[in-house]
Amino acid sequence: MGIESHYHSKKDRVFVRGIQGHYNLKEELQRLRALPRVKKGSELKFMDGPQCYSRHYIEPVDGLGQTLHIHLEEYGPGGVSQKHGHVNEAAFYILDGTGYEIHDGVRYDWQAGDVAIVHNNCVHQHHNADPDKPARALVLKAKPMYLFLNMLFQKTVIPRPTEATPGGAGFKPREEEQDYNHAG
């Protein structure tokens, strides 16, 4: 008989690694209370492109929040995101535009006012269906909690496009808000 895999073992095992090192709740509370309570969108710039852009408000690396990753996605005309999968789920509140998701090979259409849910362990891609106008989504996910629990799997299946779509040539993400009502 070979060596027993820890995945199939009936023995007790560790599911979450211990947190070790200096820990002082008072110092952590001081650190958290010293952080900004309002993060100005006007001070944040979109990244990535040329079809899918992101503006990150709260993400694991900045230490502002311990449970949320929140960012704004802007899809240029006819733009698509990378095709990818990850352990954490995500909610996309569609602010403007029309588009669709492909989740594990199934298409789900959306428009402004809808919420698109990406379930755990789903291979997916986001698409702006309008070849002439951009679309926006506010994305909320509990990614930091998944990282804390050492659930790190994320895989890009098809990278983000490196060329603009024909209708998106010259497109720049809307850095300045024009319409805070996000009317379509």
# chains A, B, ... in the order shown; residues from 1 in each chain; ligands from 1
call {"tool": "residues_around", "arguments": {"residues": "Val139 in chain A", "least_positions_apart": "2", "cutoff": "8 Å", "atoms": "only C-alpha atoms", "output": "PDB file with C-alpha atoms, in the first residue's frame"}}
result
ATOM      1  CA  HIS A  69     -12.421  44.177  -2.447  1.00  0.00           C
ATOM      2  CA  ILE A  70     -14.365  46.899  -4.286  1.00  0.00           C
ATOM      3  CA  HIS A  71     -13.536  48.221  -7.724  1.00  0.00           C
ATOM      4  CA  LEU A  72     -15.163  49.874 -10.719  1.00  0.00           C
ATOM      5  CA  GLU A  73     -14.920  48.151 -14.087  1.00  0.00           C
ATOM      6  CA  ALA A  90     -18.326  38.489  -6.942  1.00  0.00           C
ATOM      7  CA  ALA A  91     -21.332  40.768  -7.457  1.00  0.00           C
ATOM      8  CA  PHE A  92     -21.295  43.196 -10.412  1.00  0.00           C
ATOM      9  CA  TYR A  93     -23.824  46.037 -10.014  1.00  0.00           C
ATOM     10  CA  ALA A 137     -20.044  47.885 -13.198  1.00  0.00           C
ATOM     11  CA  LYS A 141     -16.246  40.665  -3.509  1.00  0.00           C
TER      12      LYS A 141
END
call {"tool": "residues_around", "arguments": {"residues": "His86 in chain A", "least_positions_apart": "4", "cutoff": "7 Å", "atoms": "only C-alpha atoms", "output": "MDAnalysis selection string"}}
result
chainID A and resid 120:122 153:155
call {"tool": "write_last_selection", "arguments": {"atoms": "N, CA and C atoms", "output": "PDB file, in the first residue's frame"}}
result
ATOM      1  N   ASN A 120     -18.662  30.992  -6.992  1.00  0.00           N
ATOM      2  CA  ASN A 120     -17.356  30.402  -6.670  1.00  0.00           C
ATOM      3  C   ASN A 120     -16.935  29.421  -7.756  1.00  0.00           C
ATOM      4  N   ASN A 121     -15.649  29.413  -8.047  1.00  0.00           N
ATOM      5  CA  ASN A 121     -15.036  28.423  -8.948  1.00  0.00           C
ATOM      6  C   ASN A 121     -15.653  28.386 -10.338  1.00  0.00           C
ATOM      7  N   CYS A 122     -16.062  29.514 -10.834  1.00  0.00           N
ATOM      8  CA  CYS A 122     -16.695  29.620 -12.145  1.00  0.00           C
ATOM      9  C   CYS A 122     -15.701  30.258 -13.124  1.00  0.00           C
ATOM     10  N   PHE A 153      -6.596  30.111  -5.130  1.00  0.00           N
ATOM     11  CA  PHE A 153      -6.648  29.750  -6.540  1.00  0.00           C
ATOM     12  C   PHE A 153      -7.283  30.841  -7.390  1.00  0.00           C
ATOM     13  N   GLN A 154      -6.563  31.248  -8.414  1.00  0.00           N
ATOM     14  CA  GLN A 154      -7.085  32.120  -9.460  1.00  0.00           C
ATOM     15  C   GLN A 154      -6.310  31.775 -10.721  1.00  0.00           C
ATOM     16  N   LYS A 155      -6.992  31.691 -11.828  1.00  0.00           N
ATOM     17  CA  LYS A 155      -6.345  31.275 -13.064  1.00  0.00           C
ATOM     18  C   LYS A 155      -6.890  32.077 -14.234  1.00  0.00           C
TER      19      LYS A 155
END
call {"tool": "closest_residue", "arguments": {"among": "A:Ala116, A:Phe46, A:Thr162, A:Gly65", "to": "Arg33 in chain A", "atoms": "only C-alpha atoms"}}
result
A:Gly65
call {"tool": "closest_residue", "arguments": {"among": "A:Glu163, A:Glu176, A:Asp48, A:Glu89", "to": "Ile117 in chain A", "atoms": "only C-alpha atoms"}}
result
A:Glu89
